[in-house]
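Containing PDB, C-alpha atoms: entry-v6.pdb.
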```
ATOM      1  CA  ASP A   1      16.453   2.334  13.491
ATOM      2  CA  PRO A   2      18.431  -0.939  13.712
ATOM      3  CA  ALA A   3      21.706   1.005  13.692
ATOM      4  CA  THR A   4      20.973   3.013  16.847
ATOM      5  CA  ASN A   5      17.722   1.637  18.328
ATOM      6  CA  LEU A   6      16.289   5.151  18.048
ATOM      7  CA  PRO A   7      12.602   5.612  17.161
ATOM      8  CA  THR A   8      12.256   6.807  13.585
ATOM      9  CA  ALA A   9       8.770   5.908  12.382
ATOM     10  CA  PRO A  10       5.280   7.105  13.303
ATOM     11  CA  THR A  11       3.657   5.568  16.364
ATOM     12  CA  ARG A  12       0.245   3.938  16.272
ATOM     13  CA  ALA A  13      -1.801   4.178  19.468
ATOM     14  CA  ASP A  14      -5.097   2.388  20.104
ATOM     15  CA  ASN A  15      -7.515   3.088  22.993
ATOM     16  CA  MET A  16      -5.251   5.804  24.399
ATOM     17  CA  SER A  17      -7.309   8.962  23.899
ATOM     18  CA  SER A  18      -6.562  10.103  27.457
ATOM     19  CA  PHE A  19      -2.795   9.774  27.145
ATOM     20  CA  GLY A  20      -2.131  13.503  26.834
ATOM     21  CA  GLY A  21      -1.271  14.024  23.187
ATOM     22  CA  ARG A  22       2.017  15.316  21.837
ATOM     23  CA  ASP A  23       3.350  16.642  25.162
ATOM     24  CA  ALA A  24       2.963  13.242  26.793
ATOM     25  CA  CYS A  25       4.701  11.553  23.860
ATOM     26  CA  VAL A  26       7.583  14.007  24.080
ATOM     27  CA  ARG A  27       7.902  13.376  27.814
ATOM     28  CA  LEU A  28       7.804   9.623  27.238
ATOM     29  CA  TRP A  29      10.844   9.786  24.967
ATOM     30  CA  GLU A  30      12.635  12.217  27.265
ATOM     31  CA  LEU A  31      12.312   9.667  30.064
ATOM     32  CA  GLU A  32      13.432   6.925  27.712
ATOM     33  CA  PHE A  33      16.675   8.665  26.812
ATOM     34  CA  VAL A  34      17.517  10.729  29.887
ATOM     35  CA  ALA A  35      16.078   9.007  32.962
ATOM     36  CA  ASP A  36      17.432   5.847  34.549
ATOM     37  CA  ASP A  37      14.067   4.108  34.332
ATOM     38  CA  ALA A  38      12.931   0.487  34.309
ATOM     39  CA  ILE A  39      13.066  -1.704  31.165
ATOM     40  CA  PRO A  40      14.222   0.845  28.576
ATOM     41  CA  TYR A  41      13.870  -0.326  24.989
ATOM     42  CA  ASN A  42      17.653  -0.363  24.568
ATOM     43  CA  ASP A  43      17.950  -2.987  27.303
ATOM     44  CA  LEU A  44      15.121  -5.075  25.869
ATOM     45  CA  ALA A  45      16.769  -4.964  22.447
ATOM     46  CA  ARG A  46      19.756  -6.825  23.926
ATOM     47  CA  ALA A  47      17.955  -8.961  26.510
ATOM     48  CA  GLU A  48      17.608 -12.720  26.187
ATOM     49  CA  VAL A  49      13.825 -12.258  26.445
ATOM     50  CA  PRO A  50      12.869  -9.049  24.584
ATOM     51  CA  ALA A  51       9.705  -8.403  26.614
ATOM     52  CA  ALA A  52       8.998  -7.514  30.247
ATOM     53  CA  GLY A  53       6.296  -6.085  32.488
ATOM     54  CA  LEU A  54       6.873  -2.946  34.548
ATOM     55  CA  CYS A  55       5.457  -4.372  37.784
ATOM     56  CA  SER A  56       7.631  -7.443  37.442
ATOM     57  CA  ALA A  57      10.743  -5.387  36.650
ATOM     58  CA  THR A  58      10.213  -3.133  39.695
ATOM     59  CA  GLY A  59       9.579  -5.946  42.157
ATOM     60  CA  GLY A  60       5.873  -5.181  42.362
ATOM     61  CA  ASP A  61       6.384  -1.463  43.058
ATOM     62  CA  PRO A  62       5.811   0.380  39.753
ATOM     63  CA  ARG A  63       6.005   3.762  41.507
ATOM     64  CA  ARG A  64       9.775   3.310  41.450
ATOM     65  CA  SER A  65       9.445   4.183  37.758
ATOM     66  CA  ALA A  66       9.252   7.852  36.726
ATOM     67  CA  ARG A  67       7.354   6.737  33.639
ATOM     68  CA  TYR A  68       4.700   5.160  35.842
ATOM     69  CA  ARG A  69       4.422   8.158  38.168
ATOM     70  CA  GLU A  70       4.232  10.764  35.402
ATOM     71  CA  LEU A  71       2.364   8.989  32.608
ATOM     72  CA  LEU A  72       0.795   5.670  33.537
ATOM     73  CA  GLU A  73      -0.703   6.368  36.959
ATOM     74  CA  PRO A  74      -2.343   9.711  35.991
ATOM     75  CA  ASN A  75      -4.056   7.933  33.087
ATOM     76  CA  GLY A  76      -5.420   5.110  35.225
ATOM     77  CA  TRP A  77      -3.022   2.394  34.091
ATOM     78  CA  GLY A  78      -1.634  -0.059  36.599
ATOM     79  CA  ASP A  79       0.964  -1.906  34.544
ATOM     80  CA  GLU A  80       2.848  -1.812  31.266
ATOM     81  CA  LEU A  81       4.270  -4.605  29.110
ATOM     82  CA  ARG A  82       7.063  -3.601  26.747
ATOM     83  CA  ALA A  83       8.516  -5.629  23.899
ATOM     84  CA  VAL A  84      11.117  -5.006  21.218
ATOM     85  CA  LEU A  85      10.506  -6.652  17.853
ATOM     86  CA  ARG A  86      13.856  -8.151  16.978
ATOM     87  CA  ALA A  87      15.091 -10.083  13.941
ATOM     88  CA  ASP A  88      18.662 -11.283  13.415
ATOM     89  CA  SER A  89      19.716  -9.438  16.581
ATOM     90  CA  HIS A  90      18.441  -6.115  15.196
ATOM     91  CA  ALA A  91      15.520  -4.166  16.653
ATOM     92  CA  TRP A  92      12.946  -3.057  14.083
ATOM     93  CA  ALA A  93      10.037  -1.860  16.207
ATOM     94  CA  SER A  94       8.600  -1.851  19.702
ATOM     95  CA  VAL A  95       5.230  -2.623  21.242
ATOM     96  CA  THR A  96       3.819  -1.344  24.531
ATOM     97  CA  LEU A  97       0.672  -2.727  26.163
ATOM     98  CA  PHE A  98      -1.102  -1.146  29.135
ATOM     99  CA  ARG A  99      -3.351  -2.685  31.757
ATOM    100  CA  ASP A 100      -5.971  -0.744  33.705
ATOM    101  CA  GLU A 101      -5.350   0.080  37.340
ATOM    102  CA  GLY A 102      -6.894  -2.550  39.592
ATOM    103  CA  ALA A 103      -6.436  -5.346  37.054
ATOM    104  CA  PRO A 104      -3.824  -8.061  37.676
ATOM    105  CA  PRO A 105      -0.347  -7.060  36.486
ATOM    106  CA  PHE A 106       1.133  -8.721  33.412
ATOM    107  CA  ALA A 107       2.298 -12.225  34.270
ATOM    108  CA  ASP A 108       5.575 -13.803  33.188
ATOM    109  CA  ASP A 109       3.810 -16.171  30.794
ATOM    110  CA  GLU A 110       2.159 -13.188  29.088
ATOM    111  CA  ALA A 111       5.561 -11.557  28.631
ATOM    112  CA  GLU A 112       6.884 -14.819  27.188
ATOM    113  CA  LEU A 113       3.918 -14.998  24.808
ATOM    114  CA  VAL A 114       4.610 -11.499  23.479
ATOM    115  CA  ALA A 115       8.346 -12.245  23.301
ATOM    116  CA  GLY A 116       7.548 -15.257  21.148
ATOM    117  CA  LEU A 117       5.958 -12.921  18.609
ATOM    118  CA  SER A 118       9.004 -10.654  18.501
ATOM    119  CA  GLN A 119      10.853 -12.245  15.598
ATOM    120  CA  PRO A 120       7.926 -12.917  13.218
ATOM    121  CA  LEU A 121       6.546  -9.419  13.752
ATOM    122  CA  ALA A 122      10.001  -7.880  13.290
ATOM    123  CA  GLU A 123      10.426  -9.795  10.049
ATOM    124  CA  ALA A 124       7.059  -8.480   8.891
ATOM    125  CA  VAL A 125       8.090  -4.903   9.663
ATOM    126  CA  ARG A 126      11.403  -5.420   7.899
ATOM    127  CA  ASP A 127      10.209  -7.318   4.837
ATOM    128  CA  HIS A 128       6.714  -5.994   4.196
ATOM    129  CA  ALA A 129       6.794  -2.237   4.598
ATOM    130  CA  ARG A 130       3.414  -0.764   3.751
ATOM    131  CA  PRO A 131       2.987   2.166   1.361
ATOM    132  CA  ALA A 132       2.974   5.434   3.289
ATOM    133  CA  PRO A 133       1.819   8.979   2.507
ATOM    134  CA  ALA A 134       4.459  10.937   0.634
ATOM    135  CA  ASP A 135       5.441  13.238   3.487
ATOM    136  CA  GLN A 136       8.983  14.129   4.492
ATOM    137  CA  ALA A 137       9.338  11.221   6.887
ATOM    138  CA  GLN A 138       8.043   8.500   4.549
ATOM    139  CA  ARG A 139       8.789   9.879   1.077
ATOM    140  CA  GLY A 140      10.865   7.719  -1.241
ATOM    141  CA  PRO A 141      14.160   8.688  -2.886
ATOM    142  CA  GLY A 142      14.090  11.616  -5.273
ATOM    143  CA  LEU A 143      15.864  10.871  -8.559
ATOM    144  CA  LEU A 144      17.213  13.488 -10.978
ATOM    145  CA  VAL A 145      19.127  12.700 -14.184
ATOM    146  CA  PHE A 146      21.468  15.205 -15.856
ATOM    147  CA  ASP A 147      22.971  15.117 -19.348
ATOM    148  CA  PRO A 148      26.702  15.668 -20.072
ATOM    149  CA  ASN A 149      26.108  19.432 -20.192
ATOM    150  CA  GLY A 150      24.659  19.444 -16.694
ATOM    151  CA  GLU A 151      21.094  20.015 -17.881
ATOM    152  CA  LEU A 152      18.303  18.236 -16.021
ATOM    153  CA  THR A 153      16.600  15.777 -18.373
ATOM    154  CA  SER A 154      14.209  13.942 -16.039
ATOM    155  CA  MET A 155      13.132  13.673 -12.408
ATOM    156  CA  ASN A 156      10.506  11.839 -10.371
ATOM    157  CA  ASP A 157       7.742  13.275  -8.189
ATOM    158  CA  ASP A 158       9.661  12.575  -4.978
ATOM    159  CA  ALA A 159      12.503  14.764  -6.239
ATOM    160  CA  PHE A 160      10.076  17.670  -6.694
ATOM    161  CA  ALA A 161       8.876  17.235  -3.112
ATOM    162  CA  TRP A 162      12.372  16.942  -1.594
ATOM    163  CA  LEU A 163      13.593  20.068  -3.403
ATOM    164  CA  ASP A 164      10.580  21.971  -2.113
ATOM    165  CA  ALA A 165      11.445  20.901   1.442
ATOM    166  CA  LEU A 166      15.100  21.913   1.294
ATOM    167  CA  ALA A 167      16.494  25.053   2.882
ATOM    168  CA  GLY A 168      19.479  27.182   1.916
ATOM    169  CA  ASP A 169      20.672  29.200  -1.037
ATOM    170  CA  LEU A 170      19.398  28.003  -4.366
ATOM    171  CA  GLY A 171      21.318  27.961  -7.589
ATOM    172  CA  GLY A 172      21.893  25.951 -10.729
ATOM    173  CA  ASP A 173      19.296  26.982 -13.266
ATOM    174  CA  VAL A 174      17.519  23.816 -14.368
ATOM    175  CA  ARG A 175      14.441  22.752 -16.266
ATOM    176  CA  PHE A 176      11.001  21.720 -14.998
ATOM    177  CA  GLY A 177      10.688  24.962 -13.041
ATOM    178  CA  VAL A 178      12.942  23.922 -10.153
ATOM    179  CA  ARG A 179      16.289  25.070  -8.801
ATOM    180  CA  LEU A 180      18.817  22.949  -6.980
ATOM    181  CA  PRO A 181      20.309  23.863  -3.593
ATOM    182  CA  MET A 182      23.978  24.716  -3.929
ATOM    183  CA  ILE A 183      25.015  21.645  -1.944
ATOM    184  CA  ALA A 184      23.207  19.454  -4.487
ATOM    185  CA  VAL A 185      24.916  21.310  -7.330
ATOM    186  CA  SER A 186      28.347  20.830  -5.748
ATOM    187  CA  THR A 187      27.617  17.133  -5.145
ATOM    188  CA  LEU A 188      26.655  16.737  -8.787
ATOM    189  CA  MET A 189      29.785  18.538  -9.963
ATOM    190  CA  ARG A 190      32.050  16.441  -7.766
ATOM    191  CA  ALA A 191      30.470  13.241  -9.043
ATOM    192  CA  ARG A 192      31.089  14.305 -12.628
ATOM    193  CA  SER A 193      34.795  14.724 -11.854
ATOM    194  CA  GLN A 194      35.304  11.842  -9.411
ATOM    195  CA  GLY A 195      32.635   9.329 -10.410
ATOM    196  CA  THR A 196      30.657   9.486  -7.153
ATOM    197  CA  ALA A 197      29.934  12.019  -4.410
ATOM    198  CA  ARG A 198      27.866  12.157  -1.242
ATOM    199  CA  ALA A 199      26.752  14.947   1.114
ATOM    200  CA  ARG A 200      24.290  15.602   3.933
ATOM    201  CA  MET A 201      21.839  18.489   4.135
ATOM    202  CA  ARG A 202      18.767  19.641   6.051
ATOM    203  CA  THR A 203      15.224  20.584   5.095
ATOM    204  CA  HIS A 204      13.375  23.735   6.175
ATOM    205  CA  ALA A 205      12.010  21.678   9.088
ATOM    206  CA  GLY A 206      15.494  20.621  10.188
ATOM    207  CA  ARG A 207      15.269  17.031   8.937
ATOM    208  CA  TRP A 208      18.512  15.482   7.722
ATOM    209  CA  LEU A 209      18.745  14.237   4.141
ATOM    210  CA  VAL A 210      21.524  12.618   2.176
ATOM    211  CA  CYS A 211      22.340  13.604  -1.393
ATOM    212  CA  HIS A 212      24.449  11.270  -3.523
ATOM    213  CA  ALA A 213      25.381  11.359  -7.191
ATOM    214  CA  SER A 214      27.128   8.993  -9.582
ATOM    215  CA  CYS A 215      27.897   8.669 -13.271
ATOM    216  CA  LEU A 216      25.741   6.133 -15.097
ATOM    217  CA  ARG A 217      27.345   3.224 -16.891
ATOM    218  CA  GLY A 218      27.014   3.149 -20.665
ATOM    219  CA  ALA A 219      26.083   6.829 -20.810
ATOM    220  CA  ASP A 220      27.503  10.215 -19.999
ATOM    221  CA  ASP A 221      24.531  11.078 -17.808
ATOM    222  CA  THR A 222      24.757  11.625 -14.054
ATOM    223  CA  ALA A 223      22.119  10.546 -11.529
ATOM    224  CA  LEU A 224      21.460  12.541  -8.364
ATOM    225  CA  VAL A 225      19.471  10.944  -5.526
ATOM    226  CA  ILE A 226      18.013  12.816  -2.537
ATOM    227  CA  GLU A 227      16.593  10.760   0.311
ATOM    228  CA  HIS A 228      15.979  10.621   4.045
ATOM    229  CA  ALA A 229      19.234  10.128   5.986
ATOM    230  CA  LYS A 230      19.706   7.214   8.351
ATOM    231  CA  ALA A 231      20.864   7.888  11.894
ATOM    232  CA  SER A 232      24.176   6.192  11.092
ATOM    233  CA  GLU A 233      24.707   8.704   8.274
ATOM    234  CA  ILE A 234      24.097  11.823  10.336
ATOM    235  CA  ALA A 235      25.894  10.608  13.466
ATOM    236  CA  PRO A 236      29.386  11.548  12.195
ATOM    237  CA  ILE A 237      28.495  15.143  11.350
ATOM    238  CA  ILE A 238      26.821  15.657  14.739
ATOM    239  CA  THR A 239      29.698  14.174  16.722
ATOM    240  CA  GLU A 240      32.216  16.167  14.688
ATOM    241  CA  ALA A 241      30.376  19.354  15.623
ATOM    242  CA  TYR A 242      31.324  18.676  19.249
ATOM    243  CA  GLU A 243      34.992  18.203  18.245
ATOM    244  CA  LEU A 244      35.077  14.585  19.331
ATOM    245  CA  SER A 245      38.177  12.663  18.312
ATOM    246  CA  PRO A 246      37.767   9.675  15.953
ATOM    247  CA  ARG A 247      38.072   7.304  18.920
ATOM    248  CA  GLU A 248      35.522   9.322  20.925
ATOM    249  CA  GLN A 249      33.147   9.279  17.963
ATOM    250  CA  HIS A 250      33.475   5.502  17.792
ATOM    251  CA  VAL A 251      32.814   5.147  21.519
ATOM    252  CA  THR A 252      29.799   7.460  21.236
ATOM    253  CA  GLN A 253      28.203   5.367  18.513
ATOM    254  CA  ILE A 254      28.731   2.198  20.562
ATOM    255  CA  VAL A 255      27.202   3.893  23.616
ATOM    256  CA  ALA A 256      24.180   4.800  21.466
ATOM    257  CA  ARG A 257      23.623   1.092  20.851
ATOM    258  CA  GLY A 258      23.265   0.594  24.598
ATOM    259  CA  LEU A 259      26.464  -1.353  25.335
ATOM    260  CA  GLY A 260      27.959  -1.146  28.818
ATOM    261  CA  THR A 261      31.543  -0.342  29.770
ATOM    262  CA  ALA A 262      32.727  -3.959  29.769
ATOM    263  CA  ASP A 263      31.185  -4.660  26.358
ATOM    264  CA  ILE A 264      32.713  -1.494  24.882
ATOM    265  CA  ALA A 265      36.117  -2.417  26.294
ATOM    266  CA  ALA A 266      35.877  -5.873  24.730
ATOM    267  CA  ALA A 267      34.786  -4.459  21.369
ATOM    268  CA  LEU A 268      37.657  -1.949  21.278
ATOM    269  CA  HIS A 269      40.243  -4.262  22.899
ATOM    270  CA  VAL A 270      41.022  -1.726  25.623
ATOM    271  CA  SER A 271      40.630  -1.664  29.394
ATOM    272  CA  ALA A 272      37.437  -0.612  31.153
ATOM    273  CA  HIS A 273      39.423   2.248  32.704
ATOM    274  CA  THR A 274      40.285   3.553  29.222
ATOM    275  CA  VAL A 275      36.630   3.383  28.201
ATOM    276  CA  ARG A 276      35.613   5.371  31.283
ATOM    277  CA  ASP A 277      38.233   8.004  30.423
ATOM    278  CA  HIS A 278      36.844   8.284  26.886
ATOM    279  CA  VAL A 279      33.266   8.549  28.160
ATOM    280  CA  LYS A 280      34.231  11.244  30.671
ATOM    281  CA  ALA A 281      35.966  13.258  27.943
ATOM    282  CA  ILE A 282      32.894  12.912  25.715
ATOM    283  CA  PHE A 283      30.590  14.065  28.530
ATOM    284  CA  ASP A 284      32.789  17.137  29.088
ATOM    285  CA  LYS A 285      32.801  18.114  25.407
ATOM    286  CA  VAL A 286      29.083  17.584  24.850
ATOM    287  CA  GLY A 287      28.040  19.037  28.211
ATOM    288  CA  VAL A 288      26.097  16.076  29.617
ATOM    289  CA  SER A 289      26.389  13.931  32.728
ATOM    290  CA  SER A 290      24.912  10.572  31.701
ATOM    291  CA  ARG A 291      24.844   8.203  28.762
ATOM    292  CA  GLY A 292      21.124   8.733  28.323
ATOM    293  CA  GLU A 293      21.618  12.489  28.049
ATOM    294  CA  LEU A 294      24.438  11.911  25.564
ATOM    295  CA  VAL A 295      22.273   9.804  23.257
ATOM    296  CA  ALA A 296      19.389  12.259  23.529
ATOM    297  CA  LYS A 297      21.555  15.285  22.766
ATOM    298  CA  LEU A 298      23.599  13.820  19.929
ATOM    299  CA  PHE A 299      20.957  11.731  18.200
ATOM    300  CA  ALA A 300      17.354  12.187  19.322
ATOM    301  CA  GLU A 301      17.413  15.996  19.164
ATOM    302  CA  HIS A 302      18.715  15.946  15.588
ATOM    303  CA  TYR A 303      16.764  13.019  14.216
ATOM    304  CA  ALA A 304      13.393  14.752  13.841
ATOM    305  CA  PRO A 305      12.388  18.277  12.839
ATOM    306  CA  VAL A 306      13.282  20.911  15.418
ATOM    307  CA  HIS A 307      10.584  23.345  16.572
ATOM    308  CA  LEU A 308      10.882  26.552  18.541
ATOM    309  CA  GLY A 309       7.455  27.519  19.839
ATOM    310  CA  ASP A 310       5.108  27.573  16.871
ATOM    311  CA  GLU A 311       7.898  28.161  14.370
ATOM    312  CA  THR A 312      10.201  25.669  12.732
ATOM    313  CA  ARG A 313      13.927  26.315  12.909
ATOM    314  CA  ASN A 314      15.771  26.314   9.587
TER     315      ASN A 314
END
```
Encoding of this model in structure tokens:
Amino acid sequence: DPATNLPTAPTRADNMSSFGGRDACVRLWELEFVADDAIPYNDLARAEVPAAGLCSATGGDPRRSARYRELLEPNGWGDELRAVLRADSHAWASVTLFRDEGAPPFADDEAELVAGLSQPLAEAVRDHARPAPADQAQRGPGLLVFDPNGELTSMNDDAFAWLDALAGDLGGDVRFGVRLPMIAVSTLMRARSQGTARARMRTHAGRWLVCHASCLRGADDTALVIEHAKASEIAPIITEAYELSPREQHVTQIVARGLGTADIAAALHVSAHTVRDHVKAIFDKVGVSSRGELVAKLFAEHYAPVHLGDETRN
């Protein structure tokens, strides 16, 4: 996600059958957000050269990295080359290459070669998105159109799928054999009185969606759109839940982008001491002790479906 540098799309892995499956992937992202490890993606997203090898970054001692000790070494890998695909200063994807144990570590010229591919590959990701299966993560916007009496007159297939995925009380008797969640009904009603309206909601699997409605020009109909929420859209509701002040919410979102104290102070035109005070207050309210934990708790834990054991939390 260019707004937060958080991973949002499926990961493709080649020649990694021994990696350890879902548990290893979960641990990988835990280390990324919580641990103070070498070459995190956030740093690469802002680095002059958006690619680096683990051996090079650790001075030839990759065991200094928790990621190496827990994930690479047990799988027989001796080095890792990470790169962020960046276009117009925004990160759109990341690439990680592994080298077998015993092979020479990635050299600086190899990192420079991969870094040289960063922008064209990022532009390809940004400009040429491939069609994806219509699941919750990749499904397109659901569109519903209502007449002046509030009756549903048409809807697309994505709208059917989104409504099926939504949790909560249902209401609003409509056609086509579907019922709208009450939050969608209230959004529609507010749009009819104010012209536009917007609200956030969650699916049965805990995934955040955004619902927005507006009156159509040249007609008395109202359009309601349901689609996957961006991290920037759900960040305010999550930070508000922890009773962060507006200034603390702003600082939190800047921290999520990976900026350091000096950069935050410059962006907000305040002293570094003031920034540290804000960060300390945020840590106390959220119950964390590091910036990595803060990002993980406020964003990563809410960005994907939440599971408890074998059951999904509503």
(message) When you look at Ala47 in chain A with a cut-off of 12 Å (counting only C-alpha atoms), what residues show up, excluding the ones that are within fewer than 2 positions of it in the same chain? I need them as a list in words.
(response) Ile39, Pro40, Tyr41, Asn42, Asp43, Leu44, Ala45, Val49, Pro50, Ala51, Ala52, Ala83, Val84, Leu85, Arg86, Ser89, His90, Ala91, Ala115, Gly258 and Leu259 of chain A
Taking the file as shown, what set of residues would the PyMOL selection byres ((chain A and resi 36) around 10) give back, as a PDB file with C-alpha atoms, in the frame of the given file?
```pdb
ATOM      1  CA  LEU A  31      12.312   9.667  30.064  1.00  0.00           C
ATOM      2  CA  GLU A  32      13.432   6.925  27.712  1.00  0.00           C
ATOM      3  CA  PHE A  33      16.675   8.665  26.812  1.00  0.00           C
ATOM      4  CA  VAL A  34      17.517  10.729  29.887  1.00  0.00           C
ATOM      5  CA  ALA A  35      16.078   9.007  32.962  1.00  0.00           C
ATOM      6  CA  ASP A  37      14.067   4.108  34.332  1.00  0.00           C
ATOM      7  CA  ALA A  38      12.931   0.487  34.309  1.00  0.00           C
ATOM      8  CA  ILE A  39      13.066  -1.704  31.165  1.00  0.00           C
ATOM      9  CA  PRO A  40      14.222   0.845  28.576  1.00  0.00           C
ATOM     10  CA  SER A  65       9.445   4.183  37.758  1.00  0.00           C
ATOM     11  CA  ALA A  66       9.252   7.852  36.726  1.00  0.00           C
ATOM     12  CA  SER A 290      24.912  10.572  31.701  1.00  0.00           C
ATOM     13  CA  ARG A 291      24.844   8.203  28.762  1.00  0.00           C
ATOM     14  CA  GLY A 292      21.124   8.733  28.323  1.00  0.00           C
TER      15      GLY A 292
END
```
(request) Between A:Ala296, A:Gly150, A:Glu248, A:Ala262, single out the one closest to Val279 in chain A, counting all atoms listed in the file. (result)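 Looking at the shortest contact to Val279 in chain A, the residue is A:Glu248.
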(message) Report, in Å to a single decimal, how far apart CA of Ala165 in chain A and CA of Arg190 in chain A are.
(response)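 Taking CA of Arg190 in chain A as the start and CA of Ala165 in chain A as the end point, the length is 23.0 Å.
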(message) Env of Gln253 in chain A: 9 Å cut, atoms = all atoms listed in the file, seq-sep filter 2 positions within chain, self excluded. Answer as a PyMOL selection string.
(response) chain A and resi 4+232+235-236+248-251+255-257+295
Give the padded box for range 248-265 of chain A as AutoDock Vina command-line options: axis-aligned, covering all atoms listed in the file, 4 Å on each side, centre and edge lengths in Å to one decimal.
```
--center_x 29.7 --center_y 2.3 --center_z 23.8 --size_x 20.9 --size_y 22.0 --size_z 20.0
```
